[in-house]
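Structure data (TSV, C-alpha atoms and all ligand atoms) from entry.tsv:
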chain	number	residue	atom	x	y	z
A	1	MET	CA	-17.16	11.12	26.01
A	2	LEU	CA	-13.93	9.11	26.19
A	3	LYS	CA	-12.26	12.48	26.64
A	4	GLU	CA	-14.58	13.47	29.52
A	5	GLN	CA	-13.83	10.12	31.12
A	6	LYS	CA	-10.11	10.96	30.80
A	7	ILE	CA	-9.50	7.81	28.76
A	8	ILE	CA	-8.38	9.92	25.81
A	9	THR	CA	-5.77	12.37	27.08
A	10	SER	CA	-3.69	13.18	24.01
A	11	ASN	CA	-4.52	15.13	20.88
A	12	SER	CA	-2.99	12.46	18.67
A	13	VAL	CA	-5.26	9.68	19.97
A	14	GLU	CA	-8.30	11.97	19.87
A	15	ARG	CA	-7.59	12.97	16.29
A	16	ALA	CA	-7.06	9.38	15.16
A	17	MET	CA	-10.24	8.11	16.86
A	18	LEU	CA	-12.24	10.87	15.20
A	19	LYS	CA	-10.71	10.15	11.81
A	20	VAL	CA	-10.65	6.35	11.44
A	21	PRO	CA	-14.21	5.19	10.57
A	22	ARG	CA	-15.02	2.31	12.96
A	23	GLU	CA	-18.11	1.39	10.90
A	24	GLU	CA	-15.78	0.26	8.10
A	25	PHE	CA	-14.12	-2.29	10.41
A	26	VAL	CA	-17.00	-3.89	12.30
A	27	TRP	CA	-18.66	-6.99	10.84
A	28	PRO	CA	-21.33	-5.75	8.33
A	29	GLU	CA	-24.33	-6.77	10.43
A	30	TYR	CA	-23.03	-4.68	13.35
A	31	LYS	CA	-22.50	-1.46	11.36
A	32	GLU	CA	-25.29	0.32	13.21
A	33	ARG	CA	-23.64	-0.45	16.52
A	34	ALA	CA	-20.19	0.77	15.42
A	35	TYR	CA	-20.32	3.77	17.77
A	36	GLU	CA	-21.46	1.92	20.89
A	37	ASP	CA	-18.76	1.59	23.50
A	38	SER	CA	-18.81	-2.21	23.48
A	39	PRO	CA	-16.80	-5.03	21.91
A	40	LEU	CA	-18.50	-6.51	18.81
A	41	PRO	CA	-18.24	-10.05	17.36
A	42	LEU	CA	-16.16	-10.55	14.21
A	43	GLY	CA	-18.66	-12.80	12.39
A	44	LYS	CA	-18.63	-16.38	13.61
A	45	THR	CA	-14.89	-16.49	14.22
A	46	GLY	CA	-15.37	-16.25	17.99
A	47	GLN	CA	-13.15	-13.15	17.96
A	48	THR	CA	-14.18	-9.60	18.78
A	49	ILE	CA	-13.22	-6.05	17.91
A	50	SER	CA	-12.43	-4.39	21.24
A	51	ALA	CA	-14.63	-1.66	22.70
A	52	PRO	CA	-13.58	1.88	21.78
A	53	HIS	CA	-12.61	2.74	25.38
A	54	MET	CA	-10.22	-0.23	25.48
A	55	VAL	CA	-8.73	0.68	22.11
A	56	ALA	CA	-8.26	4.30	23.24
A	57	LEU	CA	-6.75	3.32	26.59
A	58	MET	CA	-4.24	1.02	24.90
A	59	LEU	CA	-3.32	3.62	22.29
A	60	GLU	CA	-2.61	6.15	25.06
A	61	GLU	CA	-0.47	3.66	26.99
A	62	MET	CA	1.56	2.86	23.86
A	63	GLU	CA	2.91	6.43	23.78
A	64	LEU	CA	3.02	6.40	19.98
A	65	LYS	CA	5.11	8.88	18.04
A	66	SER	CA	5.77	9.36	14.36
A	67	GLU	CA	8.38	7.21	12.67
A	68	GLN	CA	8.19	4.40	15.22
A	69	SER	CA	8.11	0.78	14.13
A	70	VAL	CA	5.09	-1.01	15.55
A	71	LEU	CA	4.11	-4.68	15.72
A	72	GLU	CA	0.56	-5.74	16.58
A	73	ILE	CA	-0.29	-9.36	17.36
A	74	GLY	CA	-3.97	-10.00	16.55
A	75	THR	CA	-5.13	-7.96	13.53
A	76	GLY	CA	-8.82	-8.89	13.85
A	77	SER	CA	-10.68	-6.23	11.88
A	78	GLY	CA	-7.64	-4.03	11.29
A	79	TYR	CA	-9.23	-1.17	13.27
A	80	ASN	CA	-6.55	-0.83	15.94
A	81	ILE	CA	-3.65	-1.01	13.49
A	82	SER	CA	-5.32	1.67	11.33
A	83	LEU	CA	-5.47	3.96	14.36
A	84	ILE	CA	-1.80	3.20	15.03
A	85	ALA	CA	-0.99	3.98	11.38
A	86	GLU	CA	-2.93	7.23	11.62
A	87	ILE	CA	-0.84	8.32	14.63
A	88	VAL	CA	2.58	7.03	13.57
A	89	GLY	CA	2.29	7.93	9.88
A	90	ASN	CA	3.90	6.11	7.01
A	91	SER	CA	7.53	6.71	7.82
A	92	GLY	CA	7.82	3.84	10.30
A	93	ARG	CA	7.25	0.14	9.74
A	94	ILE	CA	3.76	-0.88	10.82
A	95	VAL	CA	3.06	-4.60	10.87
A	96	THR	CA	0.18	-6.66	12.19
A	97	VAL	CA	0.03	-10.45	12.52
A	98	GLU	CA	-3.15	-12.52	12.35
A	99	VAL	CA	-3.40	-16.29	12.74
A	100	ASP	CA	-6.90	-16.67	11.24
A	101	LYS	CA	-6.80	-16.64	7.44
A	102	ASN	CA	-10.39	-15.44	7.09
A	103	LEU	CA	-9.72	-12.48	9.34
A	104	VAL	CA	-6.60	-11.62	7.34
A	105	GLY	CA	-8.87	-11.33	4.28
A	106	PHE	CA	-11.45	-9.31	6.22
A	107	ALA	CA	-8.82	-6.91	7.60
A	108	LEU	CA	-7.10	-6.46	4.23
A	109	ASN	CA	-10.42	-5.56	2.70
A	110	ASN	CA	-11.17	-3.02	5.44
A	111	LEU	CA	-7.68	-1.51	5.14
A	112	GLU	CA	-8.03	-1.17	1.38
A	113	ARG	CA	-11.40	0.54	1.63
A	114	THR	CA	-10.10	3.06	4.15
A	115	GLY	CA	-6.71	3.56	2.50
A	116	TYR	CA	-4.59	2.28	5.39
A	117	ASP	CA	-3.31	-0.62	3.27
A	118	SER	CA	-0.54	1.66	2.03
A	119	TYR	CA	0.84	2.07	5.59
A	120	VAL	CA	0.15	-1.34	7.08
A	121	GLU	CA	1.65	-4.77	6.41
A	122	VAL	CA	-0.63	-7.70	7.33
A	123	VAL	CA	1.02	-11.08	7.91
A	124	ASN	CA	-0.83	-14.40	8.24
A	125	ALA	CA	1.12	-16.16	11.00
A	126	ASP	CA	1.20	-17.16	14.66
A	127	GLY	CA	2.33	-13.94	16.28
A	128	SER	CA	3.30	-15.63	19.53
A	129	MET	CA	6.54	-16.59	17.79
A	130	GLY	CA	7.29	-12.94	17.09
A	131	LEU	CA	7.84	-11.58	13.59
A	132	PRO	CA	9.76	-12.92	11.81
A	133	PRO	CA	9.31	-16.05	13.98
A	134	ASN	CA	12.06	-16.44	16.57
A	135	ILE	CA	14.45	-13.85	15.17
A	136	PRO	CA	15.44	-11.72	18.19
A	137	ARG	CA	17.39	-9.17	16.18
A	138	GLN	CA	14.31	-7.91	14.33
A	139	THR	CA	13.17	-5.21	16.75
A	140	TYR	CA	10.30	-2.76	17.13
A	141	ASP	CA	9.70	0.42	19.13
A	142	ARG	CA	6.26	-0.73	20.16
A	143	ILE	CA	4.60	-4.15	20.39
A	144	THR	CA	0.93	-4.58	21.23
A	145	VAL	CA	-0.82	-7.89	21.79
A	146	THR	CA	-4.60	-7.77	21.41
A	147	ALA	CA	-5.34	-11.32	22.59
A	148	ALA	CA	-4.88	-12.77	26.08
A	149	CYS	CA	-1.64	-14.62	26.88
A	150	SER	CA	-1.05	-16.91	29.86
A	151	VAL	CA	2.52	-15.65	29.86
A	152	LEU	CA	4.05	-13.07	27.58
A	153	PRO	CA	5.94	-14.85	24.77
A	154	VAL	CA	9.65	-14.34	25.56
A	155	ILE	CA	10.57	-13.63	21.94
A	156	LEU	CA	8.52	-10.43	22.06
A	157	LYS	CA	10.81	-9.09	24.79
A	158	SER	CA	13.80	-9.76	22.52
A	159	GLN	CA	12.09	-8.09	19.59
A	160	LEU	CA	11.67	-4.86	21.57
A	161	LYS	CA	14.08	-1.96	21.01
A	162	GLU	CA	15.63	0.00	23.85
A	163	ASP	CA	13.13	2.66	25.06
A	164	GLY	CA	10.47	0.36	23.61
A	165	ILE	CA	7.09	-0.54	25.10
A	166	ILE	CA	5.11	-3.79	25.02
A	167	LEU	CA	1.45	-3.72	25.95
A	168	ALA	CA	-0.25	-7.08	26.46
A	169	PRO	CA	-3.10	-8.71	28.39
A	170	VAL	CA	-1.49	-11.39	30.58
A	171	GLY	CA	-3.32	-13.74	32.91
A	172	GLY	CA	-6.14	-16.28	32.90
A	173	PRO	CA	-8.60	-17.11	30.12
A	174	PHE	CA	-11.30	-14.79	31.47
A	175	ALA	CA	-9.45	-11.89	33.10
A	176	GLN	CA	-6.01	-10.54	32.53
A	177	ARG	CA	-3.78	-7.72	33.72
A	178	LEU	CA	-3.01	-5.24	30.97
A	179	VAL	CA	0.76	-5.26	31.37
A	180	LYS	CA	3.07	-2.49	30.15
A	181	ILE	CA	6.69	-3.45	29.78
A	182	ARG	CA	9.33	-0.84	29.13
A	183	LYS	CA	12.85	-1.64	28.00
A	184	GLY	CA	15.32	0.77	29.56
A	185	GLU	CA	19.08	1.10	29.48
A	186	GLN	CA	21.05	-2.13	29.14
A	187	SER	CA	17.82	-3.78	28.08
A	188	ARG	CA	16.46	-3.70	31.62
A	189	LEU	CA	12.72	-4.44	31.63
A	190	THR	CA	10.28	-2.79	34.00
A	191	GLU	CA	6.71	-3.96	34.23
A	192	THR	CA	3.60	-2.14	35.40
A	193	THR	CA	-0.04	-3.16	35.47
A	194	ILE	CA	-2.38	-0.64	33.89
A	195	THR	CA	-5.74	-2.23	34.67
A	196	TRP	CA	-7.71	-5.47	34.51
A	197	VAL	CA	-9.06	-6.47	31.10
A	198	SER	CA	-10.81	-9.34	29.36
A	199	PHE	CA	-9.55	-10.34	25.91
A	200	VAL	CA	-10.17	-13.41	23.75
A	201	PRO	CA	-7.34	-15.94	24.17
A	202	LEU	CA	-4.26	-15.95	21.98
A	203	ARG	CA	-4.29	-19.13	19.90
A	204	SER	CA	-0.85	-20.48	20.01
A	205	SER	CA	1.49	-23.40	20.09
A	206	TYR	CA	3.17	-21.41	22.85
A	207	ARG	CA	2.40	-22.42	26.41
A	208	GLN	CA	-1.23	-21.41	27.04
A	209	TRP	CA	-3.97	-22.66	29.35
A	210	ASN	CA	-5.28	-26.14	28.58
B	301	LIG	N1	-6.96	-5.72	17.27
B	301	LIG	C1	-8.17	-6.27	16.69
B	301	LIG	C2	-8.97	-7.14	17.63
B	301	LIG	C3	-8.22	-8.34	18.04
B	301	LIG	S1	-9.18	-9.72	18.57
B	301	LIG	C4	-9.03	-5.19	16.07
B	301	LIG	O1	-8.65	-4.01	16.10
B	301	LIG	O2	-10.08	-5.53	15.52
B	301	LIG	C5	-7.84	-10.84	18.74
B	301	LIG	C6	-7.28	-11.33	17.44
B	301	LIG	O3	-6.11	-12.08	17.71
B	301	LIG	C7	-8.22	-12.27	16.69
B	301	LIG	O4	-8.39	-11.80	15.40
B	301	LIG	C8	-7.47	-13.60	16.69
B	301	LIG	O5	-7.71	-14.38	15.54
B	301	LIG	C9	-6.03	-13.13	16.78
B	301	LIG	N2	-5.08	-14.12	17.26
B	301	LIG	C10	-5.27	-15.07	18.20
B	301	LIG	N3	-4.14	-15.77	18.40
B	301	LIG	C11	-3.20	-15.25	17.56
B	301	LIG	C12	-1.83	-15.56	17.29
B	301	LIG	N4	-1.20	-16.54	17.94
B	301	LIG	N5	-1.19	-14.83	16.36
B	301	LIG	C13	-1.83	-13.83	15.69
B	301	LIG	N6	-3.12	-13.51	15.91
B	301	LIG	C14	-3.79	-14.20	16.83
Would you encode the structure as structure tokens?
Amino acid sequence: MLKEQKIITSNSVERAMLKVPREEFVWPEYKERAYEDSPLPLGKTGQTISAPHMVALMLEEMELKSEQSVLEIGTGSGYNISLIAEIVGNSGRIVTVEVDKNLVGFALNNLERTGYDSYVEVVNADGSMGLPPNIPRQTYDRITVTAACSVLPVILKSQLKEDGIILAPVGGPFAQRLVKIRKGEQSRLTETTITWVSFVPLRSSYRQWN
């Protein structure tokens, strides 16, 4: 269906979405709803696993290729990073950062059960500082933020390689623009808006809404 709707346009995203079992990543009581196209709560954490169409749309916009290094801010269930791992393979560095300790445990468990723990590194930290925190010379080919930011943390722009892409929801607490930033020659950044989205807020010591 996501293919008919032209949300999935590439074979690699289609293959990954068919392969990674979403029911292994949703909170246990929502297992039966794993294949509905809606976001689902991650227990009582106030966080959600994004709807499949949003996950697919973001994966397409990331233009993932094998051997890339990828950083995700906001591990949640580990579903999105498993899809990324499925597309990129285990020759690149694939890291995901989660601020909530309980969700780190939940995601690690899901990754172990599905076998993606061998590809994916999960770090318990505030991803708005980048990874490692505030070290601009550690760079990635792709960075994806899966929580809403009032402004994109500047460090993430420094941690992006040339030809790299950042995808992040930027805007207010209820609606954000899904922003795609590409780093071109001489580190020139170009920004486009893909669509409007609604993500849970990034929890951060970085400037957010009050
Ligand atoms: N990508 C996830 C869904 C993310 S929901 C999935 O596939 O399931 C957003 C996640 O971002 C939540 O788990 C939330 O705890 C996390 N988060 C919020 N602020 C964060 C921060 N500053 N650093 C890292 N993770 C953060």
All residues having an atom within 8 Å of ligand LIG 301 (chain B) (only C-alpha atoms and all ligand atoms) as a ChimeraX atom specification: /A:25-26,42,45,47-50,55,72-81,97-100,103,124-129,145-147,199-205
Residues near stretch 19-21 of chain A, cut-off 10 Å, all atoms listed in the file, skip fewer than 5 positions along chain, as a PyMOL selection string: chain A and resi 13-14+26+34-35+79-80+82-83+85-86+114+116
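With distances taken over all atoms listed in the file, A:Asp141 is the one residue among A:Glu32, A:Asp163, A:Asp141, A:Glu60 lying closest to A:Val95.
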Nearby residues (all atoms listed in the file) at most 12 Å from A:Lys6, same-chain spacing under 3 positions excluded, as a PyMOL selection string: chain A and resi 1-3+9-10+13-14+53+56-57+60
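Each of A:Ala107, A:Leu59, A:Ala175, A:Ile166 was checked against A:Glu191 using all atoms listed in the file; the smallest atom-to-atom distance is that of A:Ile166.
Between A:Ser150 and the candidates A:Gly164, A:Gly172, A:Pro39, A:Pro132, the tightest atom-to-atom separation, counting all atoms listed in the file, involves A:Gly172.
The coordinates place atom CA of A:Glu67 at 18.3 Å from atom CA of A:Arg182.
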Best match for closeness to A:Pro169 among A:Ala148, A:Met58, A:Val120, A:Leu18, counting all atoms listed in the file: A:Ala148
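Taking all atoms listed in the file into account, A:Tyr140 lies nearest to A:Gln68 out of the set A:Val123, A:Gln68, A:Leu152, A:Ile7.
Comparing A:Asn110, A:Ser118, A:Ser69, A:Ser91 by their smallest distance to A:Trp27, the closest is A:Asn110 (using all atoms listed in the file).
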